[in-house]
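Undergrad: What follows is start-v4.tsv; its format and atoms are TSV, C-alpha atoms.
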chain	number	residue	atom	x	y	z
A	1	MET	CA	-27.78	10.97	-12.91
A	2	ALA	CA	-31.33	9.97	-11.97
A	3	ASN	CA	-30.74	9.63	-8.24
A	4	PRO	CA	-27.77	11.70	-7.07
A	5	GLN	CA	-26.81	11.04	-3.47
A	6	ARG	CA	-25.14	13.04	-0.76
A	7	THR	CA	-21.98	11.09	0.02
A	8	ALA	CA	-18.79	11.52	2.00
A	9	PHE	CA	-15.32	10.20	1.23
A	10	LEU	CA	-12.77	9.90	4.03
A	11	GLY	CA	-9.16	9.43	2.96
A	12	LEU	CA	-7.75	10.94	-0.22
A	13	GLY	CA	-4.61	8.93	-0.82
A	14	VAL	CA	-3.49	7.58	-4.18
A	15	MET	CA	-6.60	5.36	-4.28
A	16	GLY	CA	-9.22	7.45	-2.48
A	17	TYR	CA	-8.53	10.67	-4.38
A	18	PRO	CA	-9.53	9.33	-7.82
A	19	MET	CA	-12.29	7.10	-6.42
A	20	ALA	CA	-13.97	10.12	-4.83
A	21	GLY	CA	-13.46	11.95	-8.11
A	22	HIS	CA	-15.45	9.30	-9.99
A	23	LEU	CA	-18.35	9.74	-7.57
A	24	ALA	CA	-18.34	13.49	-8.20
A	25	ALA	CA	-18.08	12.98	-11.96
A	26	ALA	CA	-21.13	10.71	-11.81
A	27	GLY	CA	-23.16	13.56	-10.35
A	28	HIS	CA	-23.13	12.71	-6.67
A	29	GLU	CA	-22.62	15.35	-3.98
A	30	VAL	CA	-19.31	14.51	-2.30
A	31	VAL	CA	-17.97	15.96	0.95
A	32	VAL	CA	-14.39	14.92	1.67
A	33	TYR	CA	-12.12	14.60	4.68
A	34	ASN	CA	-8.39	14.00	4.70
A	35	ARG	CA	-5.94	14.12	7.57
A	36	THR	CA	-3.75	16.49	5.53
A	37	GLN	CA	-6.01	19.42	4.70
A	38	THR	CA	-4.00	20.54	1.67
A	39	ARG	CA	-4.88	17.26	-0.02
A	40	ALA	CA	-8.59	17.88	0.61
A	41	ASP	CA	-8.22	21.41	-0.73
A	42	ALA	CA	-6.60	20.09	-3.88
A	43	TRP	CA	-9.47	17.64	-4.39
A	44	THR	CA	-12.21	20.26	-3.98
A	45	GLY	CA	-10.28	22.57	-6.26
A	46	GLN	CA	-10.32	19.91	-8.95
A	47	HIS	CA	-13.72	18.30	-8.43
A	48	GLY	CA	-15.81	20.83	-6.55
A	49	GLY	CA	-17.73	19.76	-3.47
A	50	GLU	CA	-16.73	20.61	0.06
A	51	SER	CA	-14.27	19.44	2.70
A	52	ARG	CA	-14.55	19.21	6.48
A	53	THR	CA	-11.95	19.10	9.22
A	54	THR	CA	-13.33	16.02	11.03
A	55	PRO	CA	-14.88	12.79	9.79
A	56	ALA	CA	-18.02	13.40	11.89
A	57	ALA	CA	-18.56	16.76	10.22
A	58	ALA	CA	-17.90	15.38	6.73
A	59	VAL	CA	-20.53	12.65	7.01
A	60	GLU	CA	-23.36	14.87	8.28
A	61	GLY	CA	-26.44	14.15	6.19
A	62	ALA	CA	-24.67	11.63	3.95
A	63	GLU	CA	-26.57	8.59	2.74
A	64	THR	CA	-23.37	6.65	2.00
A	65	VAL	CA	-19.91	7.17	3.49
A	66	PHE	CA	-16.72	5.76	1.96
A	67	VAL	CA	-13.43	5.25	3.79
A	68	CYS	CA	-10.03	4.46	2.27
A	69	VAL	CA	-7.11	4.80	4.69
A	70	GLY	CA	-3.93	2.91	5.57
A	71	ASN	CA	-4.49	0.23	8.20
A	72	ASP	CA	-6.58	-0.94	11.17
A	73	ASP	CA	-5.42	1.86	13.46
A	74	ASP	CA	-6.07	4.53	10.84
A	75	LEU	CA	-9.50	3.06	10.28
A	76	ARG	CA	-10.43	3.16	13.95
A	77	SER	CA	-9.26	6.76	14.23
A	78	VAL	CA	-11.47	7.83	11.31
A	79	VAL	CA	-14.57	5.77	12.11
A	80	THR	CA	-14.82	5.64	15.91
A	81	GLY	CA	-14.63	8.17	18.72
A	82	GLU	CA	-16.32	11.54	19.25
A	83	SER	CA	-15.10	12.98	15.94
A	84	GLY	CA	-15.29	9.71	14.00
A	85	ALA	CA	-17.66	8.93	11.15
A	86	LEU	CA	-20.09	6.84	13.20
A	87	ALA	CA	-20.62	9.76	15.55
A	88	GLY	CA	-22.05	11.80	12.69
A	89	MET	CA	-23.83	9.20	10.56
A	90	LYS	CA	-27.61	8.93	10.57
A	91	ALA	CA	-29.55	5.72	11.04
A	92	GLY	CA	-30.22	4.02	7.73
A	93	SER	CA	-27.03	5.27	6.08
A	94	ILE	CA	-24.22	2.98	4.87
A	95	LEU	CA	-20.51	2.90	5.69
A	96	VAL	CA	-18.35	1.38	2.94
A	97	ASP	CA	-14.74	0.66	3.92
A	98	HIS	CA	-12.27	0.32	1.05
A	99	THR	CA	-9.21	0.04	3.31
A	100	THR	CA	-7.20	-3.17	3.06
A	101	ALA	CA	-7.36	-4.18	6.71
A	102	SER	CA	-7.97	-7.21	8.90
A	103	ALA	CA	-11.13	-9.28	8.90
A	104	GLY	CA	-11.29	-8.69	12.64
A	105	ILE	CA	-11.71	-4.95	12.37
A	106	ALA	CA	-14.31	-5.43	9.63
A	107	ARG	CA	-16.42	-7.46	12.04
A	108	GLU	CA	-15.73	-4.97	14.82
A	109	LEU	CA	-16.91	-2.02	12.74
A	110	ALA	CA	-19.89	-3.95	11.41
A	111	ALA	CA	-21.06	-4.47	14.98
A	112	ALA	CA	-20.41	-0.84	15.94
A	113	SER	CA	-22.29	0.34	12.85
A	114	ALA	CA	-25.26	-1.91	13.61
A	115	ASP	CA	-25.51	-0.41	17.09
A	116	GLY	CA	-26.24	2.95	15.45
A	117	GLY	CA	-28.54	1.58	12.76
A	118	VAL	CA	-25.87	2.01	10.08
A	119	GLY	CA	-25.17	-0.58	7.39
A	120	PHE	CA	-21.55	-1.67	6.91
A	121	LEU	CA	-19.58	-3.18	4.04
A	122	ASP	CA	-15.91	-4.13	4.05
A	123	ALA	CA	-14.94	-3.61	0.43
A	124	PRO	CA	-11.19	-3.75	-0.27
A	125	VAL	CA	-10.15	-3.20	-3.86
A	126	SER	CA	-7.65	-4.55	-6.36
A	127	GLY	CA	-6.31	-2.81	-9.45
A	128	GLY	CA	-3.84	-0.32	-8.02
A	129	GLN	CA	-3.61	3.38	-8.66
A	130	ALA	CA	-4.19	2.96	-12.39
A	131	GLY	CA	-7.37	1.01	-11.71
A	132	ALA	CA	-8.61	3.72	-9.36
A	133	GLU	CA	-7.83	6.50	-11.83
A	134	ASN	CA	-9.48	4.66	-14.74
A	135	GLY	CA	-12.51	3.49	-12.76
A	136	GLN	CA	-11.55	-0.16	-13.33
A	137	LEU	CA	-11.17	-1.55	-9.82
A	138	THR	CA	-12.19	-5.01	-8.67
A	139	VAL	CA	-14.11	-4.74	-5.39
A	140	MET	CA	-14.58	-7.71	-3.06
A	141	VAL	CA	-17.28	-7.10	-0.48
A	142	GLY	CA	-18.36	-8.46	2.89
A	143	GLY	CA	-21.69	-7.59	4.48
A	144	GLU	CA	-25.44	-8.07	4.21
A	145	ALA	CA	-27.00	-8.56	0.79
A	146	GLY	CA	-29.52	-5.74	1.21
A	147	THR	CA	-26.84	-3.25	2.18
A	148	PHE	CA	-24.70	-4.40	-0.73
A	149	GLU	CA	-27.49	-3.87	-3.25
A	150	ARG	CA	-28.14	-0.36	-1.94
A	151	ALA	CA	-24.49	0.65	-2.24
A	152	ARG	CA	-23.53	-1.23	-5.39
A	153	GLY	CA	-24.50	1.48	-7.86
A	154	LEU	CA	-22.22	3.97	-6.15
A	155	ILE	CA	-19.29	1.54	-5.94
A	156	ASP	CA	-19.72	0.80	-9.64
A	157	CYS	CA	-18.76	4.43	-10.36
A	158	TYR	CA	-15.12	3.33	-10.05
A	159	ALA	CA	-15.31	-0.45	-10.40
A	160	ARG	CA	-15.39	-2.91	-13.28
A	161	ALA	CA	-16.39	-5.82	-11.00
A	162	THR	CA	-18.14	-5.69	-7.62
A	163	THR	CA	-18.93	-8.97	-5.87
A	164	LEU	CA	-20.50	-9.82	-2.51
A	165	MET	CA	-18.33	-12.58	-1.01
A	166	GLY	CA	-20.18	-13.25	2.25
A	167	PRO	CA	-20.80	-11.68	5.66
A	168	ALA	CA	-18.69	-8.94	7.26
A	169	GLY	CA	-15.00	-9.80	6.96
A	170	ALA	CA	-15.40	-11.85	3.78
A	171	GLY	CA	-14.22	-8.96	1.62
A	172	GLN	CA	-11.03	-8.62	3.61
A	173	LEU	CA	-10.43	-12.38	3.56
A	174	THR	CA	-10.81	-12.37	-0.23
A	175	LYS	CA	-8.32	-9.51	-0.51
A	176	MET	CA	-5.86	-11.61	1.50
A	177	VAL	CA	-6.22	-14.39	-1.08
A	178	ASN	CA	-5.55	-11.79	-3.77
A	179	GLN	CA	-2.33	-10.61	-2.11
A	180	ILE	CA	-1.10	-14.15	-1.49
A	181	CYS	CA	-1.52	-14.87	-5.20
A	182	ILE	CA	0.23	-11.66	-6.26
A	183	ALA	CA	3.22	-12.29	-3.99
A	184	GLY	CA	3.76	-15.76	-5.44
A	185	LEU	CA	3.28	-14.58	-9.02
A	186	LEU	CA	5.81	-11.78	-8.64
A	187	GLN	CA	8.48	-14.02	-7.17
A	188	GLY	CA	7.97	-16.56	-9.94
A	189	LEU	CA	8.07	-13.83	-12.58
A	190	SER	CA	11.23	-12.37	-11.03
A	191	GLU	CA	13.00	-15.71	-11.12
A	192	ALA	CA	11.83	-16.34	-14.69
A	193	MET	CA	12.97	-12.96	-16.00
A	194	ASN	CA	16.33	-13.21	-14.27
A	195	PHE	CA	16.76	-16.74	-15.64
A	196	ALA	CA	15.94	-15.55	-19.17
A	197	SER	CA	18.50	-12.74	-18.97
A	198	ARG	CA	21.26	-14.98	-17.65
A	199	ALA	CA	20.46	-17.58	-20.30
A	200	GLY	CA	21.11	-14.98	-22.99
A	201	LEU	CA	17.51	-14.77	-24.19
A	202	ASP	CA	15.75	-11.61	-25.33
A	203	GLY	CA	13.49	-10.99	-22.35
A	204	GLU	CA	10.92	-8.95	-24.27
A	205	GLN	CA	10.66	-11.67	-26.90
A	206	VAL	CA	10.28	-14.31	-24.21
A	207	ILE	CA	7.40	-12.39	-22.64
A	208	ASP	CA	5.74	-11.88	-26.00
A	209	VAL	CA	5.75	-15.64	-26.55
A	210	ILE	CA	4.86	-17.03	-23.14
A	211	SER	CA	2.23	-14.38	-22.37
A	212	LYS	CA	0.11	-16.03	-25.05
A	213	GLY	CA	0.14	-19.32	-23.15
A	214	ALA	CA	-0.56	-20.74	-19.71
A	215	ALA	CA	2.01	-18.51	-17.97
A	216	GLN	CA	0.08	-15.33	-18.79
A	217	SER	CA	-0.91	-13.03	-15.89
A	218	TRP	CA	-1.67	-9.38	-15.22
A	219	GLN	CA	1.73	-9.05	-13.58
A	220	MET	CA	3.46	-10.45	-16.65
A	221	GLU	CA	1.53	-8.17	-18.99
A	222	ASN	CA	2.10	-5.03	-16.91
A	223	ARG	CA	5.35	-5.53	-15.01
A	224	ALA	CA	7.71	-7.87	-16.87
A	225	GLY	CA	9.06	-5.12	-19.15
A	226	THR	CA	9.83	-2.69	-16.34
A	227	MET	CA	11.34	-5.51	-14.29
A	228	LEU	CA	13.79	-6.24	-17.10
A	229	GLU	CA	14.65	-2.52	-17.21
A	230	GLY	CA	15.13	-2.32	-13.44
A	231	LYS	CA	12.45	0.38	-13.06
A	232	PHE	CA	10.47	0.36	-9.83
A	233	ASP	CA	9.64	4.00	-9.02
A	234	PHE	CA	5.86	3.58	-9.47
A	235	GLY	CA	3.02	1.27	-8.57
A	236	PHE	CA	2.11	-0.47	-5.30
A	237	ALA	CA	4.82	0.14	-2.72
A	238	VAL	CA	6.73	-2.67	-1.02
A	239	GLN	CA	5.93	-1.24	2.42
A	240	TRP	CA	2.21	-1.53	1.72
A	241	MET	CA	2.57	-5.07	0.43
A	242	ARG	CA	4.40	-6.02	3.62
A	243	LYS	CA	1.53	-4.53	5.61
A	244	ASP	CA	-0.91	-6.66	3.62
A	245	LEU	CA	1.18	-9.81	3.92
A	246	ALA	CA	1.41	-9.32	7.68
A	247	ILE	CA	-2.40	-9.36	7.77
A	248	CYS	CA	-2.41	-12.55	5.68
A	249	LEU	CA	0.10	-14.29	7.93
A	250	GLU	CA	-1.74	-13.24	11.09
A	251	GLU	CA	-5.02	-14.59	9.73
A	252	ALA	CA	-3.27	-17.82	8.68
A	253	ASN	CA	-2.12	-18.30	12.26
A	254	ARG	CA	-5.77	-18.15	13.31
A	255	ASN	CA	-7.21	-20.47	10.68
A	256	ASN	CA	-4.23	-22.87	10.51
A	257	ALA	CA	-3.57	-22.25	6.81
A	258	ARG	CA	0.04	-22.95	5.82
A	259	LEU	CA	1.66	-20.06	3.92
A	260	PRO	CA	5.32	-21.08	3.59
A	261	VAL	CA	5.94	-19.30	0.27
A	262	THR	CA	4.11	-16.15	1.40
A	263	ALA	CA	6.21	-16.02	4.57
A	264	LEU	CA	9.40	-16.39	2.52
A	265	ILE	CA	8.40	-13.64	0.08
A	266	ASP	CA	7.59	-11.32	2.97
A	267	GLN	CA	11.19	-11.77	4.13
A	268	LEU	CA	12.45	-11.12	0.61
A	269	TYR	CA	10.51	-7.87	0.63
A	270	ALA	CA	12.23	-7.04	3.92
A	271	GLN	CA	15.53	-7.37	2.04
A	272	VAL	CA	14.23	-5.03	-0.66
A	273	GLU	CA	13.36	-2.50	2.05
A	274	ALA	CA	16.88	-2.84	3.46
A	275	ARG	CA	18.20	-1.84	0.02
A	276	GLY	CA	16.18	1.37	0.17
A	277	GLY	CA	13.21	0.01	-1.74
A	278	LYS	CA	10.42	0.69	0.75
A	279	ARG	CA	8.58	2.79	-1.85
A	280	TRP	CA	9.53	0.67	-4.87
A	281	ASP	CA	6.86	-1.23	-6.74
A	282	THR	CA	6.25	-4.81	-5.60
A	283	SER	CA	7.84	-6.08	-8.82
A	284	SER	CA	11.20	-5.03	-7.33
A	285	LEU	CA	11.70	-8.56	-6.01
A	286	ILE	CA	13.80	-9.10	-9.13
A	287	HIS	CA	16.34	-6.57	-7.79
A	288	LEU	CA	17.49	-9.18	-5.28
A	289	LEU	CA	18.28	-11.57	-8.15
A	290	GLN	CA	19.75	-9.05	-10.56
A	291	ASN	CA	22.07	-7.58	-7.90
A	292	ASP	CA	23.01	-10.53	-5.70
How does this structure look as structure tokens?

TA:
Amino acid sequence: MANPQRTAFLGLGVMGYPMAGHLAAAGHEVVVYNRTQTRADAWTGQHGGESRTTPAAAVEGAETVFVCVGNDDDLRSVVTGESGALAGMKAGSILVDHTTASAGIARELAAASADGGVGFLDAPVSGGQAGAENGQLTVMVGGEAGTFERARGLIDCYARATTLMGPAGAGQLTKMVNQICIAGLLQGLSEAMNFASRAGLDGEQVIDVISKGAAQSWQMENRAGTMLEGKFDFGFAVQWMRKDLAICLEEANRNNARLPVTALIDQLYAQVEARGGKRWDTSSLIHLLQND
């Protein structure tokens, strides 16, 4: 590592924990913060580095600060206020937010960061837990080009593709497009797999054939088999997808985009939750068809 940096990582969930680990493995100095201290202790035990009990303390002296938490409210609690990250960040440093949140809060935090001379990037990710663990995430970024170029090398420690999409908020808007696509793909795949089963076809053979043609998708390659087996105790949880779809639908109300299928699938996910599937993988939409 030619130019190791002092960094901070705030939020060590299923995504943040391995992402911060890749930064440490690349030779960067990483100070972590997590709301549950035992999680931070586990990370430092595995990767070294240090932990702090507040975001402001964790970011002291850091050149780049990363955040990956649950939603808009979580983000505000970690970034703003007397003990928030911005209270401890120095002018000229960069705040990179990997939370999947609203475009509105991205613009809000960009303005708050600018007031303190801090650069800001909204940089939600796609690729799930496996992508985070394998350093193969896709990162869609909003912010200024100069700030992006300064932070890109660090982000690339856990990404296979990192793209600047436009000004603050553009990363979050792109992630919304991503989630809209995934929701539609999973419902179509669920209906297709259920249809194949009820038609007496060998589902695995069907997937082997059609995945080589125009129907191919990441979801088909990685989820069709477990869908046919009725296994959903892994992956991206339904409750988090519903959070993301709520953001999509709220933004659509602002920009007058029609999302009729997305709205329907959100309600189907509500039915999955009612069956006890709040923590099931998003591919569990097929459960509604297999057990009607």

Undergrad: In Å, with one decimal, what is the gap from atom CA of A:Val32 to atom CA of A:Ala8?

TA: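 Taking atom CA of A:Val32 as the start and atom CA of A:Ala8 as the end point, the length is 5.6 Å.
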
Undergrad: Show which residues sit within 7 Å of stretch 81-98 of chain A, as a list of chain:residue names. Count only C-alpha atoms, and ignore same-chain residues fewer than 5 positions away.

TA: A:Thr54, A:Pro55, A:Ala56, A:Ala57, A:Val59, A:Glu60, A:Gly61, A:Glu63, A:Thr64, A:Val65, A:Phe66, A:Val67, A:Cys68, A:Ser113, A:Gly116, A:Gly117, A:Val118, A:Gly119, A:Phe120, A:Leu121, A:Asp122, A:Ala123, A:Pro124, A:Val125

Undergrad: Within 12 Å of (15.5, -14.9, -14.6) (coordinates as in the file), grab all the protein and nucleic acid residues, counting only C-alpha atoms, and write them out as a ChimeraX atom specification.

TA: /A:186-203,206-207,224,227-228,285-291

Undergrad: For A:Gly131, please output as a list in words all residues within 12 Å (counting all atoms listed in the file; exclusion window: fewer than 3 positions along the same chain).

TA: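 The contact residues come out as Val14, Met15, Gly16, Pro18, Met19, His22, Val125, Ser126, Gly127, Gly128, Asn134, Gly135, Gln136, Leu137, Thr138, Val139, Cys157, Tyr158, Ala159, Arg160, Ala161, Gly235 and Phe236 of chain A.
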
Undergrad: Counting only C-alpha atoms, note down every residue that has an atom within 6 Å of the point (6.9, -8.3, 4.7) (file coordinates), as a short mmCIF file (atom, residue, chain, number, x, y, z; two decimals) with C-alpha atoms, keeping the file's coordinate frame.

TA:
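After the write, point_32.cif holds the following:
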data_model
loop_
_atom_site.label_atom_id
_atom_site.label_comp_id
_atom_site.auth_asym_id
_atom_site.auth_seq_id
_atom_site.Cartn_x
_atom_site.Cartn_y
_atom_site.Cartn_z
CA ARG A 242 4.40 -6.02 3.62
CA LEU A 245 1.18 -9.81 3.92
CA ASP A 266 7.59 -11.32 2.97
CA GLN A 267 11.19 -11.77 4.13
CA TYR A 269 10.51 -7.87 0.63
CA ALA A 270 12.23 -7.04 3.92
#

Undergrad: Using atom CA of A:Gly142 and atom CA of A:Phe234 as the two end points, give the distance in Å to one decimal.

TA: 29.7 Å

Undergrad: Which residue gives the smallest distance to A:Lys231 among A:Asp281, A:Glu108, A:Asp156, A:Glu204, with all atoms listed in the file counted?

TA: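 Comparing A:Asp281, A:Glu108, A:Asp156, A:Glu204 against A:Lys231, the winner is A:Asp281.
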
Undergrad: Which one of A:Ala274, A:Ala24, A:Ile180, A:Ala237 sits closest to A:Ala257 if you count all atoms listed in the file?

TA: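 That would be A:Ile180, the residue with the smallest distance to A:Ala257.
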
Undergrad: Expressed in Å to a single decimal, how great is the separation between atom CA of A:Gln271 and atom CA of A:Asp292?

TA: 11.2 Å
